[in-house]
Structures are given as structure tokens and as C-alpha cells.
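Source file model-v8.cif; content: mmCIF, C-alpha atoms.
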data_upload
#
loop_
_atom_site.label_atom_id
_atom_site.label_comp_id
_atom_site.auth_asym_id
_atom_site.auth_seq_id
_atom_site.Cartn_x
_atom_site.Cartn_y
_atom_site.Cartn_z
CA MET A 17 55.06 164.49 200.73
CA TYR A 18 52.85 164.64 203.78
CA ALA A 19 52.54 164.25 207.52
CA GLU A 20 49.87 162.19 209.16
CA LEU A 21 48.51 161.98 212.68
CA THR A 22 46.72 158.77 213.60
CA ASN A 23 44.77 158.70 216.88
CA VAL A 24 47.36 160.95 218.47
CA THR A 25 46.92 161.61 222.17
CA LYS A 26 49.30 163.65 224.31
CA ARG A 27 49.07 164.20 228.05
CA TYR A 28 51.03 166.36 230.44
CA GLY A 29 50.67 165.06 233.98
CA GLY A 30 47.08 163.97 234.12
CA GLU A 31 45.82 166.56 231.65
CA VAL A 32 44.97 165.52 228.12
CA VAL A 33 46.33 168.20 225.76
CA LEU A 34 45.65 166.45 222.46
CA ASP A 35 42.94 163.81 222.27
CA LYS A 36 42.82 161.21 219.49
CA LEU A 37 43.76 163.54 216.66
CA ASN A 38 43.49 162.24 213.10
CA ARG A 39 44.68 164.44 210.25
CA ARG A 40 46.72 164.27 207.09
CA LEU A 41 48.75 167.41 206.35
CA GLU A 42 49.29 168.22 202.69
CA GLY A 43 49.62 171.57 200.95
CA ILE A 44 48.96 174.55 203.21
CA THR A 45 47.19 173.99 206.53
CA VAL A 46 46.41 176.86 208.87
CA LEU A 47 46.13 175.83 212.50
CA MET A 48 44.19 178.10 214.82
CA GLY A 49 42.91 177.79 218.35
CA PRO A 50 42.94 179.40 221.77
CA SER A 51 46.18 179.51 223.77
CA GLY A 52 47.00 176.40 225.75
CA ARG A 53 45.08 174.03 223.49
CA GLY A 54 48.13 172.16 222.23
CA LYS A 55 49.11 173.92 219.00
CA THR A 56 52.78 174.10 219.92
CA THR A 57 52.66 170.58 221.38
CA LEU A 58 51.32 169.38 218.05
CA ALA A 59 54.19 171.14 216.25
CA ARG A 60 56.70 169.48 218.59
CA LEU A 61 55.16 166.06 217.91
CA LEU A 62 55.43 166.61 214.16
CA LEU A 63 59.04 167.77 214.53
CA GLY A 64 59.89 164.61 216.47
CA LEU A 65 60.84 166.58 219.59
CA GLU A 66 58.22 164.75 221.65
CA LYS A 67 56.48 161.41 221.36
CA PRO A 68 52.72 160.89 221.54
CA ASP A 69 51.35 158.94 224.52
CA GLU A 70 49.09 157.10 222.11
CA GLY A 71 48.75 156.92 218.36
CA ARG A 72 51.25 157.52 215.58
CA VAL A 73 52.88 160.50 213.89
CA THR A 74 54.12 159.79 210.37
CA VAL A 75 56.29 162.34 208.60
CA THR A 76 57.84 161.78 205.20
CA GLY A 77 61.03 163.65 204.37
CA ARG A 78 62.85 166.38 206.22
CA LEU A 79 61.27 169.22 208.15
CA ALA A 80 62.09 172.83 208.85
CA ALA A 81 60.48 175.17 211.35
CA VAL A 82 60.03 178.62 212.74
CA PHE A 83 59.70 177.95 216.46
CA GLN A 84 57.81 180.12 218.91
CA GLU A 85 61.22 181.58 219.78
CA ASP A 86 63.62 182.68 217.04
CA ARG A 87 66.36 180.26 218.08
CA LEU A 88 69.14 181.99 216.17
CA CYS A 89 72.79 181.48 217.10
CA PRO A 90 73.40 184.84 218.78
CA GLN A 91 77.05 185.20 217.75
CA LEU A 92 76.40 184.51 214.06
CA SER A 93 75.07 187.04 211.56
CA ALA A 94 71.62 186.69 210.00
CA VAL A 95 73.29 185.47 206.79
CA ALA A 96 75.38 182.89 208.68
CA ASN A 97 72.33 181.70 210.63
CA VAL A 98 70.42 181.04 207.41
CA ALA A 99 73.45 179.58 205.60
CA LEU A 100 73.98 177.22 208.54
CA VAL A 101 71.07 175.02 207.39
CA LEU A 102 71.84 175.21 203.67
CA PRO A 103 73.96 172.66 201.87
CA GLY A 104 77.44 173.94 200.91
CA ARG A 105 78.27 177.51 201.83
CA GLY A 106 74.94 179.09 200.82
CA GLU A 107 75.77 182.66 201.93
CA GLU A 108 74.65 184.24 198.66
CA THR A 109 71.30 182.44 198.69
CA ALA A 110 70.80 183.45 202.32
CA ARG A 111 71.72 187.07 201.63
CA ARG A 112 69.27 187.31 198.70
CA ALA A 113 66.43 185.84 200.74
CA LEU A 114 67.07 188.18 203.67
CA GLU A 115 67.18 191.17 201.33
CA GLU A 116 63.85 190.10 199.87
CA LEU A 117 62.53 190.11 203.43
CA GLY A 118 63.74 193.69 203.95
CA LEU A 119 67.08 193.24 205.74
CA SER A 120 69.98 195.17 204.29
CA GLY A 121 73.43 196.62 204.91
CA GLU A 122 75.03 195.79 208.21
CA ASP A 123 71.88 194.09 209.49
CA LEU A 124 72.96 191.16 207.33
CA THR A 125 76.39 190.86 208.87
CA LYS A 126 76.15 191.92 212.51
CA PRO A 127 75.57 189.25 215.20
CA ALA A 128 71.96 188.13 215.43
CA ALA A 129 71.92 189.10 219.12
CA LEU A 130 72.16 192.74 218.03
CA LEU A 131 69.22 192.60 215.59
CA SER A 132 65.75 193.87 216.47
CA GLY A 133 63.01 191.37 217.31
CA GLY A 134 61.42 191.78 213.88
CA GLN A 135 64.73 191.27 212.08
CA GLN A 136 65.45 188.14 214.10
CA ARG A 137 61.98 186.81 213.27
CA ARG A 138 62.57 187.32 209.56
CA ALA A 139 65.96 185.61 209.76
CA ALA A 140 64.27 182.64 211.47
CA LEU A 141 61.63 182.64 208.70
CA ALA A 142 64.26 182.74 205.95
CA ARG A 143 66.11 179.86 207.60
CA ALA A 144 62.98 177.71 207.71
CA MET A 145 61.82 178.47 204.19
CA LEU A 146 65.23 178.02 202.56
CA ALA A 147 66.17 174.80 204.36
CA PRO A 148 66.07 171.69 202.21
CA ALA A 149 62.86 170.27 203.68
CA GLU A 150 59.68 168.65 202.41
CA GLY A 151 57.52 170.07 205.20
CA VAL A 152 57.63 173.38 207.07
CA ILE A 153 56.04 174.24 210.40
CA LEU A 154 55.63 177.94 211.12
CA ASP A 155 54.63 178.78 214.69
CA GLU A 156 53.39 182.39 214.62
CA PRO A 157 56.11 183.39 212.15
CA PHE A 158 54.93 186.98 211.65
CA LYS A 159 54.55 188.01 215.27
CA GLY A 160 56.31 191.24 216.12
CA LEU A 161 56.31 192.47 212.50
CA ASP A 162 54.57 195.69 211.52
CA GLU A 163 51.71 195.43 209.03
CA GLU A 164 53.71 196.27 205.92
CA THR A 165 56.66 194.02 206.80
CA ALA A 166 54.30 191.17 207.75
CA ALA A 167 52.47 191.47 204.40
CA ARG A 168 55.79 191.32 202.55
CA ALA A 169 56.96 188.33 204.61
CA MET A 170 53.65 186.52 204.05
CA ALA A 171 53.81 186.95 200.28
CA TRP A 172 57.44 185.80 200.31
CA THR A 173 56.56 182.75 202.43
CA LYS A 174 53.72 181.71 200.15
CA ARG A 175 55.97 182.01 197.08
CA ARG A 176 58.60 179.89 198.81
CA ALA A 177 56.20 177.12 199.81
CA ASP A 178 57.03 175.43 196.48
CA GLY A 179 54.55 172.59 196.72
CA ARG A 180 55.80 171.45 200.13
CA TRP A 181 53.35 170.88 202.95
CA LEU A 182 53.20 173.81 205.30
CA LEU A 183 51.58 174.11 208.71
CA LEU A 184 50.99 177.72 209.75
CA ILE A 185 50.07 178.29 213.39
CA THR A 186 48.47 181.67 213.93
CA HIS A 187 45.97 183.59 216.04
CA ASP A 188 45.26 186.06 213.27
CA PRO A 189 42.12 185.26 211.19
CA GLU A 190 43.27 187.68 208.45
CA GLN A 191 46.54 185.81 208.05
CA ALA A 192 44.62 182.53 207.98
CA ALA A 193 42.25 183.81 205.29
CA TRP A 194 45.11 185.25 203.22
CA PHE A 195 47.06 181.98 203.23
CA GLY A 196 43.96 179.96 202.28
CA GLY A 197 44.54 176.24 202.28
CA SER A 198 42.84 174.09 204.80
CA LEU A 199 41.77 175.62 208.10
CA TRP A 200 42.12 173.48 211.22
CA ARG A 201 40.68 174.74 214.48
CA LEU A 202 42.19 172.97 217.44
CA GLY A 203 40.36 172.67 220.74
CA ALA A 204 37.55 174.98 219.72
CA PRO A 205 34.75 174.76 222.27
CA MET B 14 74.73 181.98 234.17
CA ALA B 15 77.27 182.37 236.94
CA PRO B 16 77.05 185.82 238.55
CA LYS B 17 80.08 188.03 238.07
CA PRO B 18 82.13 188.62 241.20
CA ALA B 19 81.32 191.98 242.75
CA THR B 20 84.83 193.43 242.29
CA ALA B 21 84.90 197.02 241.18
CA ARG B 22 87.26 198.03 238.37
CA VAL B 23 90.13 200.03 239.83
CA PRO B 24 91.58 202.88 237.74
CA ARG B 25 95.12 202.12 236.54
CA LEU B 26 96.71 204.98 238.45
CA GLN B 27 95.17 203.81 241.73
CA ALA B 28 96.18 200.21 241.02
CA ALA B 29 99.77 201.31 240.35
CA ALA B 30 99.76 203.44 243.53
CA ALA B 31 98.58 200.43 245.56
CA ILE B 32 101.38 198.27 244.15
CA LEU B 33 103.92 201.01 244.91
CA PHE B 34 102.60 201.23 248.47
CA TRP B 35 103.17 197.52 249.07
CA VAL B 36 106.60 197.55 247.43
CA ALA B 37 107.54 200.47 249.70
CA ALA B 38 106.20 198.58 252.74
CA TRP B 39 108.23 195.54 251.68
CA GLN B 40 111.39 197.66 251.32
CA LEU B 41 110.79 199.25 254.71
CA ALA B 42 110.25 195.88 256.39
CA ALA B 43 113.44 194.52 254.78
CA PHE B 44 115.35 197.59 255.99
CA PHE B 45 114.29 197.09 259.63
CA VAL B 46 114.86 193.33 259.52
CA ASP B 47 118.37 194.00 258.19
CA ARG B 48 119.02 196.58 260.94
CA MET B 49 118.15 193.85 263.45
CA GLY B 50 120.90 191.70 261.92
CA LEU B 51 118.41 189.26 260.41
CA GLY B 52 118.86 190.26 256.75
CA PHE B 53 118.87 186.61 255.67
CA LEU B 54 115.18 186.37 256.61
CA LEU B 55 113.85 188.94 254.15
CA ALA B 56 115.32 190.39 250.97
CA GLY B 57 113.92 193.75 249.92
CA PRO B 58 112.69 194.61 246.42
CA LEU B 59 115.91 196.43 245.49
CA GLU B 60 118.05 193.51 246.63
CA THR B 61 115.73 191.11 244.73
CA LEU B 62 116.10 193.15 241.53
CA ARG B 63 119.88 193.37 242.00
CA VAL B 64 120.14 189.58 242.35
CA LEU B 65 117.79 189.06 239.40
CA ALA B 66 119.90 191.38 237.23
CA GLY B 67 122.93 189.28 238.15
CA MET B 68 121.14 186.08 237.20
CA LEU B 69 119.91 187.30 233.81
CA PRO B 70 123.13 186.95 231.79
CA GLN B 71 123.72 183.40 233.02
CA GLY B 72 122.88 180.70 230.50
CA ALA B 73 121.47 178.49 233.27
CA PHE B 74 118.81 181.12 234.01
CA CYS B 75 117.03 180.72 230.66
CA GLY B 76 117.76 176.98 230.71
CA ARG B 77 115.91 176.57 234.01
CA ILE B 78 112.93 178.61 232.78
CA GLY B 79 112.78 176.56 229.57
CA PHE B 80 113.06 173.27 231.48
CA SER B 81 110.21 174.15 233.84
CA ALA B 82 108.00 175.84 231.23
CA VAL B 83 108.11 172.93 228.80
CA ARG B 84 107.10 170.43 231.48
CA ILE B 85 104.56 172.52 233.38
CA LEU B 86 102.85 173.81 230.23
CA GLY B 87 103.05 170.32 228.73
CA GLY B 88 101.07 169.05 231.71
CA PHE B 89 98.61 171.90 231.27
CA ALA B 90 98.14 171.13 227.55
CA LEU B 91 97.58 167.45 228.34
CA ALA B 92 95.01 168.38 230.99
CA LEU B 93 93.28 170.73 228.55
CA VAL B 94 92.87 168.06 225.89
CA THR B 95 92.01 165.25 228.33
CA GLY B 96 89.62 167.44 230.35
CA CYS B 97 87.69 168.48 227.23
CA LEU B 98 87.46 164.89 225.95
CA LEU B 99 86.38 163.46 229.32
CA ALA B 100 83.82 166.25 229.81
CA ALA B 101 82.34 165.57 226.35
CA LEU B 102 82.20 161.85 227.13
CA SER B 103 80.63 162.49 230.56
CA ALA B 104 77.97 164.73 229.04
CA ALA B 105 77.13 162.17 226.36
CA LEU B 106 77.33 159.02 228.49
CA PRO B 107 75.95 159.20 232.07
CA PRO B 108 77.85 156.05 233.18
CA VAL B 109 81.14 157.78 232.31
CA TYR B 110 80.09 160.77 234.42
CA ILE B 111 79.17 158.52 237.36
CA LEU B 112 82.49 156.71 237.01
CA LEU B 113 84.63 159.85 236.78
CA ARG B 114 82.86 161.86 239.51
CA PRO B 115 84.60 160.23 242.52
CA LEU B 116 87.95 160.25 240.72
CA MET B 117 87.76 164.00 240.03
CA GLN B 118 86.59 164.69 243.58
CA PHE B 119 89.48 162.60 244.93
CA ILE B 120 92.06 164.48 242.85
CA LYS B 121 90.57 167.83 243.91
CA ALA B 122 90.46 166.95 247.61
CA THR B 123 93.90 165.34 247.93
CA PRO B 124 96.66 167.72 249.13
CA VAL B 125 99.09 168.48 246.34
CA ALA B 126 102.05 167.49 248.56
CA SER B 127 100.59 163.99 249.03
CA ILE B 128 100.13 163.58 245.29
CA ILE B 129 103.68 164.81 244.63
CA ILE B 130 105.26 162.38 247.10
CA LEU B 131 103.13 159.51 245.80
CA ALA B 132 103.87 160.41 242.18
CA LEU B 133 107.60 160.40 242.91
CA LEU B 134 107.26 156.63 243.20
CA TRP B 135 105.90 156.40 239.66
CA VAL B 136 107.78 158.97 237.56
CA SER B 137 111.26 160.46 237.47
CA SER B 138 111.71 163.72 239.32
CA ALA B 139 112.51 165.43 236.00
CA ASN B 140 109.03 164.66 234.67
CA LEU B 141 107.17 164.97 237.95
CA SER B 142 105.96 168.50 237.19
CA VAL B 143 104.26 167.27 233.98
CA LEU B 144 102.16 164.80 235.97
CA ILE B 145 101.45 167.19 238.83
CA SER B 146 100.36 170.14 236.70
CA PHE B 147 98.26 167.69 234.64
CA LEU B 148 96.55 166.33 237.77
CA MET B 149 95.96 169.77 239.28
CA VAL B 150 94.49 171.29 236.13
CA LEU B 151 92.47 168.29 234.89
CA PRO B 152 89.55 168.58 237.38
CA VAL B 153 89.32 172.34 236.79
CA ILE B 154 89.06 172.01 233.00
CA TYR B 155 86.81 168.94 233.23
CA ALA B 156 84.31 170.58 235.60
CA ALA B 157 84.18 173.83 233.63
CA VAL B 158 83.74 172.23 230.21
CA LEU B 159 81.09 169.86 231.56
CA GLU B 160 79.23 172.83 233.04
CA GLY B 161 79.49 174.66 229.71
CA ILE B 162 78.13 171.65 227.81
CA ARG B 163 75.24 171.31 230.27
CA ARG B 164 74.39 174.99 230.03
CA THR B 165 74.44 175.09 226.23
CA ASP B 166 71.11 176.47 225.00
CA PRO B 167 68.75 173.45 224.66
CA GLN B 168 66.53 175.37 222.26
CA LEU B 169 69.41 175.79 219.85
CA LEU B 170 70.20 172.09 220.15
CA GLU B 171 66.57 171.28 219.29
CA MET B 172 66.84 173.59 216.29
CA ALA B 173 69.97 171.71 215.15
CA ARG B 174 68.13 168.42 215.54
CA VAL B 175 65.11 169.58 213.54
CA PHE B 176 67.22 171.01 210.72
CA ARG B 177 69.49 167.95 210.85
CA LEU B 178 72.63 170.05 211.09
CA PRO B 179 75.82 168.05 210.52
CA PHE B 180 77.87 167.48 213.68
CA GLY B 181 80.66 169.82 212.60
CA ARG B 182 78.27 172.74 212.12
CA THR B 183 76.48 172.04 215.40
CA LEU B 184 79.82 171.92 217.18
CA ARG B 185 81.00 175.17 215.68
CA ALA B 186 77.76 177.17 215.84
CA ILE B 187 76.26 175.89 219.11
CA TRP B 188 78.50 173.74 221.31
CA LEU B 189 81.71 175.77 221.11
CA PRO B 190 80.06 179.16 221.76
CA GLY B 191 78.26 177.59 224.73
CA VAL B 192 81.40 176.06 226.21
CA TRP B 193 83.97 178.72 225.29
CA PRO B 194 83.41 181.20 228.18
CA TYR B 195 83.70 178.34 230.69
CA LEU B 196 86.81 177.01 228.97
CA LEU B 197 88.47 180.44 228.99
CA GLN B 198 87.74 180.93 232.67
CA SER B 199 89.05 177.48 233.59
CA CYS B 200 92.22 178.02 231.51
CA GLU B 201 92.84 181.25 233.39
CA THR B 202 92.53 179.41 236.72
CA GLY B 203 94.43 176.36 235.45
CA LEU B 204 97.40 178.35 234.15
CA GLY B 205 98.01 179.90 237.57
CA LEU B 206 97.48 176.56 239.28
CA CYS B 207 99.84 174.59 237.04
CA TRP B 208 102.78 176.90 237.77
CA LYS B 209 102.19 176.82 241.52
CA SER B 210 101.83 173.06 241.69
CA GLY B 211 104.48 172.37 239.04
CA VAL B 212 107.17 174.37 240.85
CA ALA B 213 106.14 172.76 244.16
CA ALA B 214 106.70 169.37 242.53
CA GLU B 215 110.14 170.47 241.30
CA VAL B 216 111.07 171.66 244.80
CA ILE B 217 109.99 168.42 246.47
CA GLY B 218 111.30 166.18 243.68
CA LEU B 219 114.52 168.23 243.26
CA ALA B 220 114.28 168.09 239.49
CA GLY B 221 117.79 168.91 238.19
CA GLY B 222 117.94 172.05 236.03
CA SER B 223 114.51 173.31 237.07
CA ILE B 224 113.31 176.54 238.69
CA GLY B 225 112.15 174.48 241.67
CA GLU B 226 115.65 173.13 242.25
CA ALA B 227 117.10 176.66 242.15
CA LEU B 228 114.46 177.74 244.67
CA TYR B 229 115.36 174.85 246.97
CA GLN B 230 119.10 175.50 246.75
CA ALA B 231 118.54 179.18 247.54
CA LYS B 232 116.64 178.15 250.67
CA ILE B 233 119.26 175.59 251.75
CA PHE B 234 122.11 178.13 251.46
CA LEU B 235 119.99 180.93 252.96
CA GLN B 236 120.35 182.97 249.75
CA THR B 237 117.20 184.97 250.40
CA GLY B 238 117.88 187.31 247.49
CA GLU B 239 117.97 184.36 245.06
CA LEU B 240 114.84 182.91 246.68
CA PHE B 241 112.92 186.13 246.14
CA ALA B 242 114.38 186.60 242.63
CA TRP B 243 113.29 183.13 241.53
CA THR B 244 109.85 183.68 243.08
CA LEU B 245 109.54 186.90 241.11
CA VAL B 246 110.59 185.02 237.96
CA ILE B 247 107.89 182.39 238.56
CA ILE B 248 105.23 185.09 239.00
CA LEU B 249 106.35 186.93 235.85
CA VAL B 250 106.71 183.82 233.68
CA SER B 251 103.33 182.52 234.86
CA ALA B 252 101.68 185.87 234.08
CA VAL B 253 103.32 186.09 230.65
CA PHE B 254 102.26 182.57 229.69
CA GLU B 255 98.75 183.17 231.03
CA LYS B 256 98.37 186.33 228.93
CA LEU B 257 99.81 184.58 225.85
CA ALA B 258 97.63 181.49 226.18
CA LEU B 259 94.46 183.49 226.80
CA ALA B 260 95.21 185.78 223.86
CA LEU B 261 95.66 182.70 221.65
CA LEU B 262 92.42 181.16 222.91
CA ARG B 263 90.50 184.43 222.38
CA ARG B 264 91.90 184.66 218.86
CA ALA B 265 90.86 181.06 218.16
CA GLY B 266 87.43 181.92 219.57
CA ARG B 267 87.08 184.88 217.23
CA ARG B 268 88.02 182.71 214.23
CA LEU B 269 85.49 180.07 215.23
CA GLY B 270 82.84 182.74 215.75
CA GLY B 271 83.32 184.14 212.25
CA GLY B 272 85.11 187.29 213.43
CA GLU B 273 83.00 187.88 216.52
CA PRO B 274 83.93 186.78 220.04
CA LEU B 275 82.43 183.38 220.79
CA CYS B 276 81.40 184.39 224.28
CA THR B 277 77.64 184.66 224.59
CA ARG B 278 77.86 184.88 228.36
CA ASN B 279 78.16 188.28 230.03
#

Show me the file's structure as C-alpha cells.
Amino acid sequence: MYAELTNVTKRYGGEVVLDKLNRRLEGITVLMGPSGRGKTTLARLLLGLEKPDEGRVTVTGRLAAVFQEDRLCPQLSAVANVALVLPGRGEETARRALEELGLSGEDLTKPAALLSGGQQRRAALARAMLAPAEGVILDEPFKGLDEETAARAMAWTKRRADGRWLLLITHDPEQAAWFGGSLWRLGAP
Amino acid sequence: MAPKPATARVPRLQAAAAILFWVAAWQLAAFFVDRMGLGFLLAGPLETLRVLAGMLPQGAFCGRIGFSAVRILGGFALALVTGCLLAALSAALPPVYILLRPLMQFIKATPVASIIILALLWVSSANLSVLISFLMVLPVIYAAVLEGIRRTDPQLLEMARVFRLPFGRTLRAIWLPGVWPYLLQSCETGLGLCWKSGVAAEVIGLAGGSIGEALYQAKIFLQTGELFAWTLVIILVSAVFEKLALALLRRAGRRLGGGEPLCTRN
């Protein structure tokens, strides 16, 4: 399973954000680069939420994602948000994953709108990593987490990658080094 | 998000005192009008309650309420279903929206009396209130549901698209919570509107066995007490049905939201 960008160009107005990108994504890829250089645009192209102005984006299989925003259904619990993307009922699987990420007790069952930013982020991460998908795009998935919680979430994410291709977008060189894989610097001067 | 109206919450005691004040003013006005020998122009609250108490044991009293309620609420239910379906279609298909826009504006702008008189040519007077309450409520429900659909969080819809959520799950987790507060508000408005317009239709159409007919007869025979008693009945029945319907909708909302209220809007 892979994703491939062939001569991909994307413009907003007259400004070229991505210019003739060519890359095949397999295994773990860490995408780094200054703000405003098209990292999130690239993620949106891969997710099929936008179309390139030129070139081709090929994605095999289904995708899952942690977006820049958590995008949880605010009235549903963390468990229900994760189970929403799982086949069947999936509550038990969701509960176990969230517990592994450090959520417990009533944090699992109260509406997502009432969770802290870090708890919401971890619920969004669990949803992406548990979804039946062949590729996962993680746009700054550990932002807002304290050091210890982030380390735990990173280890959990790597374990859950399960041979799928994974694109991690981050500004943190330590996270990039820890994940290993292939490093892709976008728009570096 | 529509801003909340700037009405302050009034403590219950003060609200009750205000109602008492106006009831007392009403009684006083009725007393003076009666002293002037014009009692037939205004029945006081005590007279209204006395007449109402006399009407209660009569079988026709409940019969009239049942007759009107079935038809008026039937029209409301039809408008609710049709309004939701048309709003969903309009949101999904722009040509449907363009086509329906002038029709909804026409219904909203046309005086209810004109519609009633015109509708009398098409339907029997007995069923006129079904059509009229349907027509009065339809644009309200349609506009509110369409607004709710349009204001549903686009980021959540993108999430559903990426994760390929089945339609049923998307409907339940994203669309319904987005639309629900708008639907509740429009139902609240629509329930008041359907009773007002429905009874007006019964009065003009003289639907036999209806509340509207009783109201008309009371006016014809200058039975002001009956007129006020039936008006009070309409207000009470409308309020009871509004509370009941909204309680049912809120309960349905809680079930759909997995135990939590569906409303995500303040």
C-alpha cells in the first residue's frame, strides 16, 4: 500500500504553494518544514479534500487522519467518537485504546466538548490509528500534550502503525528523529 | 450562530405577580364596561372562568377540542416531515433550492386570510385547518432546517468523508446534532402558528364541530363569555401541545445523542 505524488502543483490565487512534487509514500515518512509551506495542503491533497492544479495524486486503499483540529463530534464521548469509525459497535476496542493513551474513568464517557485539549487530541489520535485504513496522515498529532503523555502517545502510535504507510507532519526535530523513517523537508530554503 | 435575544430571565414570583396584575386590570376594565351597560363587549376573567366551568362537562367541549387538535396538529406533522425533506433536498440539489425559494417566499408573504379563502375552493371546510396549518408551518420548518444543514460543521463533514463514514452514522453523529437546535426552535414557533392559523381557518370556513365554529357562534350571538372561554381554551391547548411536542423532541434528541442533549448550539 502506498501513496504517490506525480508532478503535483497546487496554487492558491496566483501563489504556488506546492511546485511539481514527486514522491512515493511508503512506511513511515516524517514531513517537516516552515509554516505556510504547504504541509497541510499536501495532507488535504492526499486525503482527496482538494485537487491538484497539475499532476496526479494516487492513493491505494482507505485513509485515516488526525487533522490540524481535533474534529471530534462534541456531543459524543471519546469512546463513541473512536467507535464511530470502527466497523460494528467497536466500543470495547475504542475504550482499550483510549485507556492505553491515558484516558480513564468518566473522561471516556463524558461529551468530547468537555474534555481538555490534550484529551481531545488523544481521542483524535486513537480514532485515526484504529480506523480500518491502509494509510494514516497525522498533522501535528502530539501538539498540546505534555512531555510524558506525548512520549506515551508516540510509542503507542508507532506500535499501531502495523505496516501501513504513515505521514507524520511535525515541527519537532526530536519527534522526527524518534519516529525514524524517511525525512521529507518541504519548502526548505 | 444566531445571537440569543437579550431577554432577561424573570424570577417566577415576579412573573406570577405580573400576570396577576394584568388579570386584575382585565377584571377592573370588565367591571367598568359592565357599569356602563356595555357588558357584552368585554367579559372579565371571573365570568370567563364561570362560563368555562359550565362548558367543561359538556361532551361537545372535548369533541370540539379533539376535532380541531387532530386536524391542526395533523397539518403541523405534515409540515414537519415535508419541511425536513424539502430542506434536505434543497441543501443537496441547488436547482431544487432555486425552484422552491419563490414558492416559500410567496407562502410566507401571502396574508393567511387570502390563503384560507382561496383554499376553501379546493378543500372541504372540515379539512381546511389541515391545509392552512400545513402551509403556515411549512416555510418556518423548511427555512430553519435548511439553515441548520448549511451551518453544520464543515470540518466534521470532511472528517466523515475521509473516514468514509456510512450515511446513517454521519446523519446521526453530525447532521442531526447540527440541525436539531434549529428544528426545535422552528417547532416552537410552528406550534404556536399552526393553532392561530388553524383556528382562523375554522372560523372563516365554519368547520362544523370545531373550536373555530364555536368561536364564531359566540361572536354572532354576542356571547362574550363563551368567546373569551374558547379563546382561553385555545391558548391552554396550544401551550399544552407545545410543551408535550417539545418534550418529545428533546427526549428523541437525547436518545439520538447517546444520552446527551443533541444541541451543540448555545

Original post:
Taking the file as shown, what set of residues would the PyMOL selection byres ((chain B and resi 253-269) around 12) give back, as a PyMOL selection string?
Top reply: (chain A and resi 91-92) or (chain B and resi 78+82-83+85-86+89-90+93+181-182+184-194+196-208+246-252+270-277)

Subject >> One-decimal distance in Å that lies between atom CA of A:Pro189 and atom CA of A:Gly43 >> reply: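 Answer for the atom CA of A:Gly43 to atom CA of A:Pro189 separation: 18.7 Å.
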
Subject >> Matched chain/residue IDs from the PyMOL selection byres ((chain A) within 8 of (chain B)), as a list of chain:residue names >> reply: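 Expected selection for the PyMOL selection byres ((chain A) within 8 of (chain B)) here is A:Leu63, A:Gly64, A:Leu65, A:Arg78, A:Leu79, A:Ala80, A:Ala81, A:Arg87, A:Leu88, A:Cys89, A:Pro90, A:Gln91, A:Leu92, A:Leu100, A:Val101, A:Pro127, A:Ala147.
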
**OP:** Can you give me, as a PyMOL selection string, the residues this file yields under the PyMOL selection byres ((chain A and resi 194) around 12)?
**Re:** chain A and resi 44-46+166-167+170-171+173-174+184+186+188-193+195-199

Subject >> Straight-line distance linking atom CA of A:Arg201 with atom CA of A:Leu47, stated in Å to one decimal >> reply: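 Computing the Euclidean distance for atom CA of A:Arg201 and atom CA of A:Leu47 yields 5.9 Å.
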
**OP:** Identify which of the residues B:Ile217, B:Leu151, B:Ala105, B:Ala30 lies closest to B:Ser127, counting all atoms listed in the file when measuring atom-to-atom distances.
**Re:**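 With all atoms listed in the file as the atom set, the closest residue is B:Ile217.
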
Original post:
Near B:Gln40, within 12 Å and counting only C-alpha atoms, which residues show up once chain neighbours fewer than 5 positions away are dropped, as an MDAnalysis selection string?
Top reply: chainID B and resid 33:35 45:47 52 55:62

**OP:** List the neighbours of A:Glu107 out to 7 Å using only C-alpha atoms; skip same-chain residues closer than 5 positions along the sequence, and give me the result as a VMD selection string.
**Re:** chain A and resid 95 to 96 99
